[in-house]
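Engineer: So that we are looking at the same thing, I have put the structure below in structure tokens.
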Protein chains: 2
Amino acid sequence: MPTSSRFAVAVHILTYLARDRKRAHRSEEIAGSISTNPSVVRRILGDLARAGLTTSQLGKGGGALLARGPKKISLLEIFNAVEDQSLVAMHRTPPSRSCDIGRTIQPVLQSITKTAEDAFFAELETYSLKDVVRSVQTAAAA
Amino acid sequence: MPTSSRFAVAVHILTYLARDRKRAHRSEEIAGSISTNPSVVRRILGDLARAGLTTSQLGKGGGALLARGPKKISLLEIFNAVEDQSLVAMHRTPPSRSCDIGRTIQPVLQSITKTAEDAFFAELETYSLKDVVRSVQTAAAA
DNA sequence: TGTGTATGTAACCAACAAAGTTACATAAGG
DNA sequence: CCTTATGTAACTTTGTTGGTTACATACACA
């Protein structure tokens, strides 16, 4: 069902930046690790910069940098920076207003799915970018 | 991000059936409440029947029926019957295997997102179709 | 102050998925 | 039998994503 891979790509980018914070990394370099187009990376870096998670430098030696320590960046922040806030879609076209159910089901369903989404987000918030970096390092060593 | 509205439509259908369990309801009748095509309703009813949530009768007076009481149908069962089991997508094309991060990030990310998805599912499980019917009735009365 | 390098963003395209639509074989009811 | 309804397949339409190209802008540094 989920058609967007932006979250996965965003975490990948940030993990890449977190691994070496000493210098800026070009979108082309990052794109090589993801196997995608540099412009796709820049598009997502745009979202991340707007969310205050990264900064960028132009010109020679330029590229993207983490705006703060990986321990201070939660996966929820990353998710919110690049994905829609809703995990469950309502009817594509509005249901019949001349039926009790059609008229009322959407708010009812939305309030229920919101509690489930909140549980999802609360769990995501318990993980930091640092956790990902650590797991990747462990996995890469093996 | 979520591109499927199947869950919303499935809950709508089941709420419709739960409101009047005395008789079978035709797909055309249900489609009127949803404002969609009867064939779309039948397609989703197919999933619901395979999951054991509904039954159908052919011929005159036929249509769909709830297979058990609405108190015994959780929203999680409905979700599982009609939607993919994953809320978060990985990279669309596999990342570079010649990079530590590219090689290892997917399993790392998947194990984290699984815990968040599980929290979502656990919360959905606490709601029954009966809860939806009750809320719809309350909302419709107002 | 000029040259090279990198970003940010817009515009467009191709690929994919979802829902809408049409059609029809099949089975139940009377 | 004839009508009614489902179940499913096939096709079309629509929307979204990511890939691609292009380019204006800005910074670094010689």
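Quick note on naming: the chains in the structure tokens go A, B, ... in the order shown, residues restart at 1 in each chain, and ligands are numbered from 1 in order of appearance.
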DSSP says helix (DSSP H, G or I) for which residues of chain A? Put them as a PDB file with N, CA and C atoms, in the first residue's frame?

Structural biologist:
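What ended up in part-v2.pdb:
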```
ATOM      1  N   ARG A   6      10.164   7.779   0.460  1.00  0.00           N
ATOM      2  CA  ARG A   6      10.912   8.953   0.889  1.00  0.00           C
ATOM      3  C   ARG A   6      11.520   8.792   2.270  1.00  0.00           C
ATOM      4  N   PHE A   7      10.775   8.179   3.171  1.00  0.00           N
ATOM      5  CA  PHE A   7      11.309   8.006   4.530  1.00  0.00           C
ATOM      6  C   PHE A   7      12.578   7.164   4.492  1.00  0.00           C
ATOM      7  N   ALA A   8      12.522   6.057   3.785  1.00  0.00           N
ATOM      8  CA  ALA A   8      13.695   5.176   3.697  1.00  0.00           C
ATOM      9  C   ALA A   8      14.881   5.926   3.094  1.00  0.00           C
ATOM     10  N   VAL A   9      14.615   6.692   2.047  1.00  0.00           N
ATOM     11  CA  VAL A   9      15.697   7.430   1.401  1.00  0.00           C
ATOM     12  C   VAL A   9      16.229   8.524   2.325  1.00  0.00           C
ATOM     13  N   ALA A  10      15.326   9.185   3.034  1.00  0.00           N
ATOM     14  CA  ALA A  10      15.753  10.256   3.939  1.00  0.00           C
ATOM     15  C   ALA A  10      16.632   9.700   5.058  1.00  0.00           C
ATOM     16  N   VAL A  11      16.245   8.564   5.629  1.00  0.00           N
ATOM     17  CA  VAL A  11      17.063   7.958   6.684  1.00  0.00           C
ATOM     18  C   VAL A  11      18.419   7.553   6.113  1.00  0.00           C
ATOM     19  N   HIS A  12      18.397   7.043   4.897  1.00  0.00           N
ATOM     20  CA  HIS A  12      19.645   6.655   4.235  1.00  0.00           C
ATOM     21  C   HIS A  12      20.577   7.872   4.091  1.00  0.00           C
ATOM     22  N   ILE A  13      20.034   8.952   3.596  1.00  0.00           N
ATOM     23  CA  ILE A  13      20.829  10.178   3.427  1.00  0.00           C
ATOM     24  C   ILE A  13      21.418  10.636   4.754  1.00  0.00           C
ATOM     25  N   LEU A  14      20.576  10.702   5.770  1.00  0.00           N
ATOM     26  CA  LEU A  14      21.032  11.220   7.065  1.00  0.00           C
ATOM     27  C   LEU A  14      22.050  10.283   7.708  1.00  0.00           C
ATOM     28  N   THR A  15      21.851   8.992   7.514  1.00  0.00           N
ATOM     29  CA  THR A  15      22.830   8.037   8.034  1.00  0.00           C
ATOM     30  C   THR A  15      24.175   8.261   7.349  1.00  0.00           C
ATOM     31  N   TYR A  16      24.095   8.522   6.053  1.00  0.00           N
ATOM     32  CA  TYR A  16      25.313   8.800   5.293  1.00  0.00           C
ATOM     33  C   TYR A  16      26.038  10.030   5.852  1.00  0.00           C
ATOM     34  N   LEU A  17      25.270  11.078   6.111  1.00  0.00           N
ATOM     35  CA  LEU A  17      25.873  12.309   6.643  1.00  0.00           C
ATOM     36  C   LEU A  17      26.403  12.106   8.051  1.00  0.00           C
ATOM     37  N   ALA A  18      25.699  11.278   8.824  1.00  0.00           N
ATOM     38  CA  ALA A  18      26.091  11.079  10.227  1.00  0.00           C
ATOM     39  C   ALA A  18      27.395  10.299  10.342  1.00  0.00           C
ATOM     40  N   ARG A  19      27.633   9.451   9.347  1.00  0.00           N
ATOM     41  CA  ARG A  19      28.837   8.621   9.402  1.00  0.00           C
ATOM     42  C   ARG A  19      30.122   9.439   9.309  1.00  0.00           C
ATOM     43  N   SER A  27      25.503  15.785  -3.294  1.00  0.00           N
ATOM     44  CA  SER A  27      24.314  14.978  -3.611  1.00  0.00           C
ATOM     45  C   SER A  27      24.698  13.832  -4.546  1.00  0.00           C
ATOM     46  N   GLU A  28      25.686  14.062  -5.380  1.00  0.00           N
ATOM     47  CA  GLU A  28      26.089  13.018  -6.321  1.00  0.00           C
ATOM     48  C   GLU A  28      26.712  11.832  -5.590  1.00  0.00           C
ATOM     49  N   GLU A  29      27.501  12.171  -4.582  1.00  0.00           N
ATOM     50  CA  GLU A  29      28.164  11.147  -3.775  1.00  0.00           C
ATOM     51  C   GLU A  29      27.115  10.308  -3.019  1.00  0.00           C
ATOM     52  N   ILE A  30      26.165  10.988  -2.409  1.00  0.00           N
ATOM     53  CA  ILE A  30      25.115  10.301  -1.657  1.00  0.00           C
ATOM     54  C   ILE A  30      24.268   9.442  -2.596  1.00  0.00           C
ATOM     55  N   ALA A  31      23.975  10.018  -3.766  1.00  0.00           N
ATOM     56  CA  ALA A  31      23.147   9.303  -4.741  1.00  0.00           C
ATOM     57  C   ALA A  31      23.787   7.977  -5.137  1.00  0.00           C
ATOM     58  N   GLY A  32      25.111   7.948  -5.136  1.00  0.00           N
ATOM     59  CA  GLY A  32      25.811   6.705  -5.469  1.00  0.00           C
ATOM     60  C   GLY A  32      25.501   5.609  -4.477  1.00  0.00           C
ATOM     61  N   SER A  33      25.411   5.965  -3.211  1.00  0.00           N
ATOM     62  CA  SER A  33      25.132   4.980  -2.172  1.00  0.00           C
ATOM     63  C   SER A  33      23.688   4.480  -2.246  1.00  0.00           C
ATOM     64  N   ILE A  34      22.800   5.356  -2.691  1.00  0.00           N
ATOM     65  CA  ILE A  34      21.373   5.007  -2.748  1.00  0.00           C
ATOM     66  C   ILE A  34      21.022   4.371  -4.087  1.00  0.00           C
ATOM     67  N   PRO A  38      21.112  12.234  -8.423  1.00  0.00           N
ATOM     68  CA  PRO A  38      21.471  13.307  -7.490  1.00  0.00           C
ATOM     69  C   PRO A  38      20.336  14.275  -7.235  1.00  0.00           C
ATOM     70  N   SER A  39      19.506  14.498  -8.234  1.00  0.00           N
ATOM     71  CA  SER A  39      18.421  15.451  -8.086  1.00  0.00           C
ATOM     72  C   SER A  39      17.365  14.944  -7.105  1.00  0.00           C
ATOM     73  N   VAL A  40      17.184  13.637  -7.075  1.00  0.00           N
ATOM     74  CA  VAL A  40      16.256  13.040  -6.112  1.00  0.00           C
ATOM     75  C   VAL A  40      16.768  13.289  -4.693  1.00  0.00           C
ATOM     76  N   VAL A  41      18.059  13.126  -4.521  1.00  0.00           N
ATOM     77  CA  VAL A  41      18.668  13.375  -3.216  1.00  0.00           C
ATOM     78  C   VAL A  41      18.503  14.840  -2.828  1.00  0.00           C
ATOM     79  N   ARG A  42      18.730  15.733  -3.766  1.00  0.00           N
ATOM     80  CA  ARG A  42      18.607  17.162  -3.454  1.00  0.00           C
ATOM     81  C   ARG A  42      17.174  17.532  -3.116  1.00  0.00           C
ATOM     82  N   ARG A  43      16.237  16.883  -3.787  1.00  0.00           N
ATOM     83  CA  ARG A  43      14.823  17.152  -3.504  1.00  0.00           C
ATOM     84  C   ARG A  43      14.511  16.799  -2.049  1.00  0.00           C
ATOM     85  N   ILE A  44      14.972  15.654  -1.608  1.00  0.00           N
ATOM     86  CA  ILE A  44      14.691  15.240  -0.234  1.00  0.00           C
ATOM     87  C   ILE A  44      15.508  16.052   0.755  1.00  0.00           C
ATOM     88  N   LEU A  45      16.747  16.375   0.380  1.00  0.00           N
ATOM     89  CA  LEU A  45      17.549  17.248   1.239  1.00  0.00           C
ATOM     90  C   LEU A  45      16.862  18.607   1.425  1.00  0.00           C
ATOM     91  N   GLY A  46      16.126  19.033   0.428  1.00  0.00           N
ATOM     92  CA  GLY A  46      15.358  20.271   0.558  1.00  0.00           C
ATOM     93  C   GLY A  46      14.354  20.170   1.694  1.00  0.00           C
ATOM     94  N   ASP A  47      13.611  19.042   1.742  1.00  0.00           N
ATOM     95  CA  ASP A  47      12.658  18.821   2.835  1.00  0.00           C
ATOM     96  C   ASP A  47      13.368  18.787   4.176  1.00  0.00           C
ATOM     97  N   LEU A  48      14.485  18.083   4.215  1.00  0.00           N
ATOM     98  CA  LEU A  48      15.208  17.930   5.472  1.00  0.00           C
ATOM     99  C   LEU A  48      15.770  19.268   5.960  1.00  0.00           C
ATOM    100  N   ALA A  49      16.227  20.090   5.022  1.00  0.00           N
ATOM    101  CA  ALA A  49      16.749  21.410   5.396  1.00  0.00           C
ATOM    102  C   ALA A  49      15.618  22.289   5.919  1.00  0.00           C
ATOM    103  N   ARG A  50      14.466  22.235   5.263  1.00  0.00           N
ATOM    104  CA  ARG A  50      13.308  23.011   5.727  1.00  0.00           C
ATOM    105  C   ARG A  50      12.908  22.600   7.139  1.00  0.00           C
ATOM    106  N   PRO A  70      23.367  13.283  15.678  1.00  0.00           N
ATOM    107  CA  PRO A  70      22.448  12.199  15.335  1.00  0.00           C
ATOM    108  C   PRO A  70      21.648  11.697  16.544  1.00  0.00           C
ATOM    109  N   LYS A  71      22.152  11.910  17.725  1.00  0.00           N
ATOM    110  CA  LYS A  71      21.410  11.494  18.916  1.00  0.00           C
ATOM    111  C   LYS A  71      20.200  12.389  19.131  1.00  0.00           C
ATOM    112  N   LYS A  72      20.261  13.569  18.557  1.00  0.00           N
ATOM    113  CA  LYS A  72      19.200  14.563  18.753  1.00  0.00           C
ATOM    114  C   LYS A  72      18.208  14.598  17.597  1.00  0.00           C
ATOM    115  N   LEU A  75      13.619   9.482  14.572  1.00  0.00           N
ATOM    116  CA  LEU A  75      13.062   9.001  13.314  1.00  0.00           C
ATOM    117  C   LEU A  75      11.700   9.631  13.028  1.00  0.00           C
ATOM    118  N   LEU A  76      10.998  10.025  14.079  1.00  0.00           N
ATOM    119  CA  LEU A  76       9.719  10.696  13.860  1.00  0.00           C
ATOM    120  C   LEU A  76       9.909  12.024  13.155  1.00  0.00           C
ATOM    121  N   GLU A  77      10.933  12.776  13.576  1.00  0.00           N
ATOM    122  CA  GLU A  77      11.208  14.052  12.907  1.00  0.00           C
ATOM    123  C   GLU A  77      11.506  13.837  11.432  1.00  0.00           C
ATOM    124  N   ILE A  78      12.242  12.787  11.156  1.00  0.00           N
ATOM    125  CA  ILE A  78      12.584  12.503   9.761  1.00  0.00           C
ATOM    126  C   ILE A  78      11.319  12.161   8.983  1.00  0.00           C
ATOM    127  N   PHE A  79      10.503  11.320   9.584  1.00  0.00           N
ATOM    128  CA  PHE A  79       9.251  10.926   8.930  1.00  0.00           C
ATOM    129  C   PHE A  79       8.398  12.159   8.634  1.00  0.00           C
ATOM    130  N   ASN A  80       8.219  12.989   9.644  1.00  0.00           N
ATOM    131  CA  ASN A  80       7.385  14.178   9.464  1.00  0.00           C
ATOM    132  C   ASN A  80       7.961  15.137   8.429  1.00  0.00           C
ATOM    133  N   ALA A  81       9.266  15.122   8.285  1.00  0.00           N
ATOM    134  CA  ALA A  81       9.888  16.049   7.341  1.00  0.00           C
ATOM    135  C   ALA A  81       9.590  15.676   5.892  1.00  0.00           C
ATOM    136  N   VAL A  82       9.423  14.385   5.642  1.00  0.00           N
ATOM    137  CA  VAL A  82       9.350  13.973   4.238  1.00  0.00           C
ATOM    138  C   VAL A  82       8.092  13.215   3.829  1.00  0.00           C
ATOM    139  N   ASP A 100     -27.116   7.847   6.688  1.00  0.00           N
ATOM    140  CA  ASP A 100     -26.555   8.075   8.030  1.00  0.00           C
ATOM    141  C   ASP A 100     -25.092   7.683   8.094  1.00  0.00           C
ATOM    142  N   ILE A 101     -24.793   6.510   7.544  1.00  0.00           N
ATOM    143  CA  ILE A 101     -23.423   6.016   7.609  1.00  0.00           C
ATOM    144  C   ILE A 101     -22.514   6.864   6.737  1.00  0.00           C
ATOM    145  N   GLY A 102     -22.948   7.106   5.513  1.00  0.00           N
ATOM    146  CA  GLY A 102     -22.145   7.900   4.599  1.00  0.00           C
ATOM    147  C   GLY A 102     -21.833   9.277   5.166  1.00  0.00           C
ATOM    148  N   ARG A 103     -22.808   9.829   5.857  1.00  0.00           N
ATOM    149  CA  ARG A 103     -22.644  11.189   6.370  1.00  0.00           C
ATOM    150  C   ARG A 103     -21.692  11.261   7.558  1.00  0.00           C
ATOM    151  N   THR A 104     -21.588  10.176   8.304  1.00  0.00           N
ATOM    152  CA  THR A 104     -20.881  10.273   9.587  1.00  0.00           C
ATOM    153  C   THR A 104     -19.628   9.410   9.715  1.00  0.00           C
ATOM    154  N   ILE A 105     -19.420   8.489   8.780  1.00  0.00           N
ATOM    155  CA  ILE A 105     -18.362   7.514   9.021  1.00  0.00           C
ATOM    156  C   ILE A 105     -16.962   8.102   8.983  1.00  0.00           C
ATOM    157  N   GLN A 106     -16.764   9.122   8.178  1.00  0.00           N
ATOM    158  CA  GLN A 106     -15.395   9.610   8.040  1.00  0.00           C
ATOM    159  C   GLN A 106     -14.822  10.185   9.337  1.00  0.00           C
ATOM    160  N   PRO A 107     -15.490  11.097  10.007  1.00  0.00           N
ATOM    161  CA  PRO A 107     -14.950  11.572  11.280  1.00  0.00           C
ATOM    162  C   PRO A 107     -14.783  10.450  12.305  1.00  0.00           C
ATOM    163  N   VAL A 108     -15.721   9.515  12.324  1.00  0.00           N
ATOM    164  CA  VAL A 108     -15.629   8.395  13.265  1.00  0.00           C
ATOM    165  C   VAL A 108     -14.360   7.586  12.987  1.00  0.00           C
ATOM    166  N   LEU A 109     -14.169   7.243  11.727  1.00  0.00           N
ATOM    167  CA  LEU A 109     -12.998   6.453  11.358  1.00  0.00           C
ATOM    168  C   LEU A 109     -11.708   7.234  11.589  1.00  0.00           C
ATOM    169  N   GLN A 110     -11.754   8.503  11.276  1.00  0.00           N
ATOM    170  CA  GLN A 110     -10.548   9.308  11.435  1.00  0.00           C
ATOM    171  C   GLN A 110     -10.113   9.387  12.883  1.00  0.00           C
ATOM    172  N   SER A 111     -11.067   9.489  13.803  1.00  0.00           N
ATOM    173  CA  SER A 111     -10.655   9.603  15.201  1.00  0.00           C
ATOM    174  C   SER A 111     -10.066   8.290  15.697  1.00  0.00           C
ATOM    175  N   ILE A 112     -10.565   7.186  15.167  1.00  0.00           N
ATOM    176  CA  ILE A 112      -9.990   5.890  15.552  1.00  0.00           C
ATOM    177  C   ILE A 112      -8.603   5.700  14.941  1.00  0.00           C
ATOM    178  N   THR A 113      -8.485   5.956  13.659  1.00  0.00           N
ATOM    179  CA  THR A 113      -7.191   5.735  13.018  1.00  0.00           C
ATOM    180  C   THR A 113      -6.143   6.709  13.572  1.00  0.00           C
ATOM    181  N   LYS A 114      -6.603   7.855  14.043  1.00  0.00           N
ATOM    182  CA  LYS A 114      -5.637   8.794  14.620  1.00  0.00           C
ATOM    183  C   LYS A 114      -4.974   8.194  15.857  1.00  0.00           C
ATOM    184  N   THR A 115      -5.720   7.492  16.662  1.00  0.00           N
ATOM    185  CA  THR A 115      -5.092   6.902  17.856  1.00  0.00           C
ATOM    186  C   THR A 115      -4.075   5.843  17.449  1.00  0.00           C
ATOM    187  N   ALA A 116      -4.372   5.111  16.384  1.00  0.00           N
ATOM    188  CA  ALA A 116      -3.424   4.092  15.915  1.00  0.00           C
ATOM    189  C   ALA A 116      -2.188   4.753  15.310  1.00  0.00           C
ATOM    190  N   GLU A 117      -2.419   5.801  14.547  1.00  0.00           N
ATOM    191  CA  GLU A 117      -1.281   6.528  13.973  1.00  0.00           C
ATOM    192  C   GLU A 117      -0.422   7.120  15.082  1.00  0.00           C
ATOM    193  N   ASP A 118      -1.066   7.638  16.094  1.00  0.00           N
ATOM    194  CA  ASP A 118      -0.305   8.217  17.206  1.00  0.00           C
ATOM    195  C   ASP A 118       0.579   7.170  17.871  1.00  0.00           C
ATOM    196  N   ALA A 119       0.079   5.953  17.974  1.00  0.00           N
ATOM    197  CA  ALA A 119       0.886   4.873  18.559  1.00  0.00           C
ATOM    198  C   ALA A 119       2.102   4.597  17.677  1.00  0.00           C
ATOM    199  N   PHE A 120       1.882   4.626  16.371  1.00  0.00           N
ATOM    200  CA  PHE A 120       2.972   4.443  15.415  1.00  0.00           C
ATOM    201  C   PHE A 120       4.020   5.549  15.590  1.00  0.00           C
ATOM    202  N   PHE A 121       3.556   6.784  15.642  1.00  0.00           N
ATOM    203  CA  PHE A 121       4.477   7.917  15.748  1.00  0.00           C
ATOM    204  C   PHE A 121       5.216   7.910  17.085  1.00  0.00           C
ATOM    205  N   ALA A 122       4.506   7.544  18.139  1.00  0.00           N
ATOM    206  CA  ALA A 122       5.149   7.512  19.461  1.00  0.00           C
ATOM    207  C   ALA A 122       6.294   6.511  19.464  1.00  0.00           C
ATOM    208  N   GLU A 123       6.090   5.399  18.778  1.00  0.00           N
ATOM    209  CA  GLU A 123       7.146   4.391  18.725  1.00  0.00           C
ATOM    210  C   GLU A 123       8.324   4.882  17.887  1.00  0.00           C
ATOM    211  N   LEU A 124       8.016   5.519  16.768  1.00  0.00           N
ATOM    212  CA  LEU A 124       9.086   6.057  15.914  1.00  0.00           C
ATOM    213  C   LEU A 124       9.928   7.077  16.666  1.00  0.00           C
ATOM    214  N   GLU A 125       9.263   7.798  17.557  1.00  0.00           N
ATOM    215  CA  GLU A 125       9.956   8.853  18.285  1.00  0.00           C
ATOM    216  C   GLU A 125      10.996   8.293  19.254  1.00  0.00           C
ATOM    217  N   LEU A 129      18.472   8.837  15.042  1.00  0.00           N
ATOM    218  CA  LEU A 129      19.364   8.555  13.922  1.00  0.00           C
ATOM    219  C   LEU A 129      20.603   7.814  14.404  1.00  0.00           C
ATOM    220  N   LYS A 130      21.026   8.143  15.615  1.00  0.00           N
ATOM    221  CA  LYS A 130      22.188   7.477  16.207  1.00  0.00           C
ATOM    222  C   LYS A 130      21.969   5.959  16.293  1.00  0.00           C
ATOM    223  N   ASP A 131      20.760   5.557  16.674  1.00  0.00           N
ATOM    224  CA  ASP A 131      20.434   4.128  16.746  1.00  0.00           C
ATOM    225  C   ASP A 131      20.632   3.457  15.390  1.00  0.00           C
ATOM    226  N   VAL A 132      20.209   4.145  14.347  1.00  0.00           N
ATOM    227  CA  VAL A 132      20.348   3.586  13.006  1.00  0.00           C
ATOM    228  C   VAL A 132      21.820   3.461  12.640  1.00  0.00           C
ATOM    229  N   VAL A 133      22.572   4.529  12.904  1.00  0.00           N
ATOM    230  CA  VAL A 133      23.999   4.520  12.586  1.00  0.00           C
ATOM    231  C   VAL A 133      24.683   3.361  13.298  1.00  0.00           C
ATOM    232  N   ARG A 134      24.339   3.185  14.567  1.00  0.00           N
ATOM    233  CA  ARG A 134      24.962   2.110  15.348  1.00  0.00           C
ATOM    234  C   ARG A 134      24.629   0.743  14.751  1.00  0.00           C
ATOM    235  N   SER A 135      23.363   0.535  14.431  1.00  0.00           N
ATOM    236  CA  SER A 135      22.951  -0.764  13.875  1.00  0.00           C
ATOM    237  C   SER A 135      23.604  -1.021  12.525  1.00  0.00           C
ATOM    238  N   VAL A 136      23.706   0.026  11.729  1.00  0.00           N
ATOM    239  CA  VAL A 136      24.349  -0.134  10.424  1.00  0.00           C
ATOM    240  C   VAL A 136      25.821  -0.503  10.608  1.00  0.00           C
ATOM    241  N   GLN A 137      26.444   0.140  11.560  1.00  0.00           N
ATOM    242  CA  GLN A 137      27.858  -0.163  11.800  1.00  0.00           C
ATOM    243  C   GLN A 137      28.049  -1.607  12.265  1.00  0.00           C
ATOM    244  N   THR A 138      27.181  -2.027  13.153  1.00  0.00           N
ATOM    245  CA  THR A 138      27.248  -3.413  13.617  1.00  0.00           C
ATOM    246  C   THR A 138      27.026  -4.388  12.472  1.00  0.00           C
ATOM    247  N   ALA A 139      26.025  -4.102  11.659  1.00  0.00           N
ATOM    248  CA  ALA A 139      25.699  -4.994  10.543  1.00  0.00           C
ATOM    249  C   ALA A 139      26.826  -5.009   9.508  1.00  0.00           C
ATOM    250  N   ALA A 140      27.430  -3.856   9.286  1.00  0.00           N
ATOM    251  CA  ALA A 140      28.486  -3.767   8.271  1.00  0.00           C
ATOM    252  C   ALA A 140      29.743  -4.502   8.713  1.00  0.00           C
ATOM    253  N   ALA A 141      29.978  -4.518  10.015  1.00  0.00           N
ATOM    254  CA  ALA A 141      31.164  -5.196  10.543  1.00  0.00           C
ATOM    255  C   ALA A 141      31.041  -6.712  10.388  1.00  0.00           C
TER     256      ALA A 141
END
```

Engineer: Where does chain C meet chain B within 10 Å, residue by residue, with the nearest atom pair and distance in Å to one decimal for each, counting only C-alpha atoms (C1' of nucleotides), listed by chain and rising number, as a Markdown table?

Structural biologist:
```
| residue | atom | partner | partner_atom | distance |
| --- | --- | --- | --- | --- |
| C:DA17 | C1' | B:Thr3 | CA | 8.1 |
| C:DA18 | C1' | B:Ser4 | CA | 6.4 |
| C:DA19 | C1' | B:Val40 | CA | 7.5 |
| C:DG20 | C1' | B:Asn37 | CA | 6.8 |
| C:DT21 | C1' | B:Asn37 | CA | 8.0 |
| C:DT22 | C1' | B:Ser39 | CA | 9.8 |
| C:DT26 | C1' | B:Leu58 | CA | 9.8 |
| C:DA27 | C1' | B:Leu58 | CA | 6.5 |
| C:DA28 | C1' | B:Gly59 | CA | 4.6 |
| C:DG29 | C1' | B:Lys60 | CA | 5.9 |
| C:DG30 | C1' | B:Lys60 | CA | 8.6 |
```

Engineer: Pull out every residue of chain D sitting within 12 Å of chain A, counting only C-alpha atoms (C1' of nucleotides), and send them as a list in words.

Structural biologist: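 Within 12 Å of chain A on chain D, we get DT14, DG15, DT16, DT17, DG18, DG19, DT20, DT21, DA22, DT25, DA26, DC27, DA28 and DC29 of chain D.
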
Engineer: Name the closest residue to Met1 of chain B among the candidates A:Ala142, A:Met90, A:Ala51, A:Ile73; distances are taken between atoms, counting only C-alpha atoms.

Structural biologist: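 Closest to Met1 of chain B, using only C-alpha atoms: A:Met90.
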
Engineer: Cα RMSD of chain A on chain B, all Cα atoms paired in order, least-squares fit?

Structural biologist: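 Between these identical-sequence chains, the C-alpha RMSD is 0.1 Å.
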
Engineer: One decimal, Å: what's the distance from atom CA of Arg23 of chain B over to atom C1' of DC24 of chain C, could you say?

Structural biologist: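 These two atoms are separated by 26.7 Å.
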
Engineer: Give me, please, the distance in Å between atom CA of Ala24 of chain B and atom CA of Ser56 of chain B, quoted to one decimal.

Structural biologist: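 Atom CA of Ser56 of chain B lies at a distance of 7.7 Å from atom CA of Ala24 of chain B.
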
Engineer: Would you mind telling me which residue in B:Gly63, B:Thr54, B:Ser74, B:Ser86 lies nearest to chain A when using only C-alpha atoms?

Structural biologist: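 With only C-alpha atoms as the atom set, the closest residue is B:Ser86.
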
Engineer: So how many Å separate atom CA of Leu65 of chain B and atom C1' of DT3 of chain D, to one decimal?

Structural biologist: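 According to the coordinates, atom CA of Leu65 of chain B and atom C1' of DT3 of chain D are separated by 21.4 Å.
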
Engineer: I'd like to know which residues of segment 12-109 of chain A are strand (DSSP E or B) (by DSSP, run on the backbone); could you write them as a list of chain:residue names?

Structural biologist: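 Reading the DSSP output for segment 12-109 of chain A, strand (DSSP E or B) covers A:His25, A:Thr54, A:Thr55, A:Ser56, A:Gln57, A:Gly63, A:Ala64, A:Leu65, A:Leu66, A:Ser74.
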
Engineer: Got time to write the residues from that selection, all heavy atoms, as a CSV table (one decimal), in the first residue's frame?

Structural biologist:
```
chain,number,residue,atom,x,y,z
A,25,HIS,N,28.9,16.6,2.1
A,25,HIS,CA,28.8,15.5,1.1
A,25,HIS,C,27.9,16.0,0.0
A,25,HIS,O,26.8,16.4,0.2
A,25,HIS,CB,28.3,14.2,1.8
A,25,HIS,CG,29.2,13.7,2.9
A,25,HIS,ND1,30.1,12.8,2.6
A,25,HIS,CD2,29.2,14.0,4.2
A,25,HIS,CE1,30.8,12.5,3.8
A,25,HIS,NE2,30.3,13.2,4.7
A,54,THR,N,19.2,19.4,8.3
A,54,THR,CA,20.5,19.5,7.5
A,54,THR,C,20.7,21.0,7.1
A,54,THR,O,19.8,21.8,7.1
A,54,THR,CB,20.4,18.7,6.2
A,54,THR,OG1,19.4,19.1,5.4
A,54,THR,CG2,20.2,17.2,6.6
A,55,THR,N,21.9,21.2,6.7
A,55,THR,CA,22.3,22.5,6.1
A,55,THR,C,23.1,22.1,4.8
A,55,THR,O,23.6,21.0,4.7
A,55,THR,CB,23.1,23.4,7.0
A,55,THR,OG1,24.3,22.7,7.3
A,55,THR,CG2,22.4,23.8,8.2
A,56,SER,N,23.2,23.1,4.0
A,56,SER,CA,24.0,22.9,2.7
A,56,SER,C,25.0,24.0,2.4
A,56,SER,O,24.7,25.1,2.8
A,56,SER,CB,23.0,22.7,1.5
A,56,SER,OG,22.4,21.5,1.6
A,57,GLN,N,26.0,23.7,1.7
A,57,GLN,CA,27.0,24.7,1.3
A,57,GLN,C,27.2,24.6,-0.2
A,57,GLN,O,27.3,23.5,-0.7
A,57,GLN,CB,28.3,24.4,2.0
A,57,GLN,CG,28.3,24.8,3.5
A,57,GLN,CD,29.5,24.3,4.2
A,57,GLN,OE1,30.5,23.8,3.6
A,57,GLN,NE2,29.6,24.5,5.5
A,63,GLY,N,28.2,20.9,-0.2
A,63,GLY,CA,27.4,19.7,0.0
A,63,GLY,C,26.5,19.8,1.2
A,63,GLY,O,26.3,20.9,1.7
A,64,ALA,N,26.0,18.6,1.7
A,64,ALA,CA,25.1,18.7,2.8
A,64,ALA,C,25.8,18.3,4.1
A,64,ALA,O,26.7,17.5,4.1
A,64,ALA,CB,23.9,17.7,2.5
A,65,LEU,N,25.3,18.8,5.2
A,65,LEU,CA,25.8,18.5,6.5
A,65,LEU,C,24.6,18.3,7.5
A,65,LEU,O,23.6,18.9,7.3
A,65,LEU,CB,26.6,19.7,7.0
A,65,LEU,CG,28.0,20.0,6.4
A,65,LEU,CD1,28.4,21.4,6.6
A,65,LEU,CD2,29.0,19.0,6.9
A,66,LEU,N,24.8,17.5,8.5
A,66,LEU,CA,23.9,17.3,9.5
A,66,LEU,C,23.8,18.6,10.3
A,66,LEU,O,24.8,19.2,10.7
A,66,LEU,CB,24.3,16.2,10.4
A,66,LEU,CG,23.3,15.1,10.8
A,66,LEU,CD1,22.6,14.6,9.6
A,66,LEU,CD2,24.0,14.0,11.5
A,74,SER,N,15.3,12.4,15.9
A,74,SER,CA,14.5,11.2,16.1
A,74,SER,C,13.9,10.8,14.7
A,74,SER,O,13.8,11.6,13.8
A,74,SER,CB,13.3,11.4,17.0
A,74,SER,OG,12.3,12.2,16.4
```
